[in-house]
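Following: one structure in C-alpha cells, then a few remarks.
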Amino acid sequence: MISEARSKLLDHNVFIVWQPEYNLGIPILDEQHRGIVTIINSLNFGMQNNYIKENLKSIVDMMDSYSKIHFKIEEDFFEVINFPDAKDHKKSHKDLLSQFGRIGKDSILNNDPHQLMDFLKNWWISHICNEDIKYRDYIQNRDKSFND
C-alpha cells in the first residue's frame, strides 16, 4: 500500500506542462524557461500540499536570482541578434523584476503565496508565451530572408 505522502507526490499534476511550442530554438533560453516553469510548479505543489509556509522565502529567492540571470543572458542575446524591440523588452524585464520584488516581499511578509502565484502565472502567459515569442519570430524571419 502506498503511503499518504507518496500518494500526494504521485498524484500531483504539474501546473504548467512544457509544450514544444514553448521552445524558442535558443537552447540556453529554452532551458532557462524550463527552469522558470520548474519554480512555478514547485510553488504550486507547495501550495497544494501545505509545504509552502516553510519554503516560500526560498522559492521567492530562487525565482529572484534565476530571473535576473535569465534576463541578463536574454538581453545580451538581443544585442547579438540586433533585436529591434530590445529596448522595450528590457524595460518589461525591469518592470517585472520590480513587481516581483514587491509581490515576493508581500507574500513572505503575509505568509500568503496566492498573489505571488497569480503574478507568476501572468508572467508565464503574458511575457514568456507572448513577448518572448517575438524574438523567436524575428530570428526565424531574419534567417528566412537570408536564405531567400
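The chains in the C-alpha cells are called A, B, ... from first to last as shown; in each chain the residues are counted from 1, and the ligands are counted from 1 in the order shown.
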
Original post:
What's the 10 Å shell around A:Asp85, counting only C-alpha atoms, without same-chain residues fewer than 3 positions away, as JSON, numbers by chain?
Top reply: {"A": [78, 82, 88, 89, 90, 134, 135, 138]}

Subject >> For A:Cys129: contacts at 12 Å, only C-alpha atoms, fewer than 3 positions along chain excluded, given as a list in words >> reply: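 Returned residues: Ile16, Trp18, Gln19, Pro20, Glu21, Tyr22, Asn23, Leu24, Asp30, His33, Val37, Lys121, Asn122, Trp123, Trp124, Ile125, Ser126, Asp132, Ile133, Lys134, Tyr135 and Arg136 of chain A.
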
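You can rank A:Ile108, A:Ile28, A:Val14, A:Ile139 by their closest distance to A:Asn44 using only C-alpha atoms, and at the top of that list sits A:Val14.
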
Original post:
Counting only C-alpha atoms, which of A:Phe77, A:Phe71, A:Tyr51, A:Phe45 gets nearest to A:Ile26?
Top reply: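 With only C-alpha atoms as the atom set, the closest residue is A:Phe77.
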
So that I can see what lies close to A:Leu109, please list as a short mmCIF file (atom, residue, chain, number, x, y, z; two decimals) with N, CA and C atoms, in the first residue's frame the residues with an atom at most 12 Å from it, counting only C-alpha atoms and leaving out residues fewer than 6 positions away in the same chain.
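See out-v1.cif below for the written result:
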data_model
loop_
_atom_site.label_atom_id
_atom_site.label_comp_id
_atom_site.auth_asym_id
_atom_site.auth_seq_id
_atom_site.Cartn_x
_atom_site.Cartn_y
_atom_site.Cartn_z
N LYS A 53 4.60 27.11 3.58
CA LYS A 53 4.93 28.03 4.67
C LYS A 53 6.42 28.03 4.98
N LEU A 56 8.39 29.23 1.25
CA LEU A 56 8.02 30.38 0.42
C LEU A 56 9.21 31.31 0.19
N LYS A 57 9.94 31.65 1.23
CA LYS A 57 11.08 32.55 1.07
C LYS A 57 12.12 31.95 0.13
N VAL A 60 10.84 32.35 -3.43
CA VAL A 60 10.95 33.75 -3.86
C VAL A 60 12.41 34.08 -4.17
N ARG A 102 8.20 43.48 -5.11
CA ARG A 102 7.12 43.91 -4.19
C ARG A 102 6.22 42.74 -3.81
N ILE A 103 5.81 41.99 -4.80
CA ILE A 103 4.88 40.88 -4.55
C ILE A 103 5.55 39.78 -3.75
N LEU A 116 1.52 35.88 -5.25
CA LEU A 116 2.74 35.51 -5.97
C LEU A 116 2.42 34.53 -7.10
#

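Across the structure, atom CA of A:Arg34 and atom CA of A:Lys94 are spaced 20.7 Å apart.
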
**OP:** Kindly indicate which residue among A:Ser98, A:Asp106, A:Phe119, A:Asn13 lies nearest to A:Asn49, using only C-alpha atoms for the distances.
**Re:** A:Asn13

Subject >> Members of chain A assigned helix (DSSP H, G or I) by DSSP, as a ChimeraX atom specification >> reply: /A:4-11,20-22,27-48,52-81,86-110,114-147

Original post:
Taking only C-alpha atoms into account, which of A:Gln115, A:Asn110, A:Asn50, A:Ser65 comes nearest A:Leu97?
Top reply: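 Between A:Gln115, A:Asn110, A:Asn50, A:Ser65, the residue approaching A:Leu97 most closely is A:Ser65.
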
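Counting only C-alpha atoms, the residue from A:Ser42, A:Ile36, A:Met117, A:Glu75 that sits nearest to A:Lys91 is A:Glu75.
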
**OP:** Using only C-alpha atoms, pick whichever of A:His70, A:Ile81, A:Arg142, A:Asp64 has the shortest atom-to-atom distance to A:Gln99.
**Re:**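 With only C-alpha atoms as the atom set, the closest residue is A:Asp64.
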
**OP:** Could you tell me how far atom CA of A:Asp61 lies from atom CA of A:Glu31, in Å and to one decimal?
**Re:** 19.2 Å
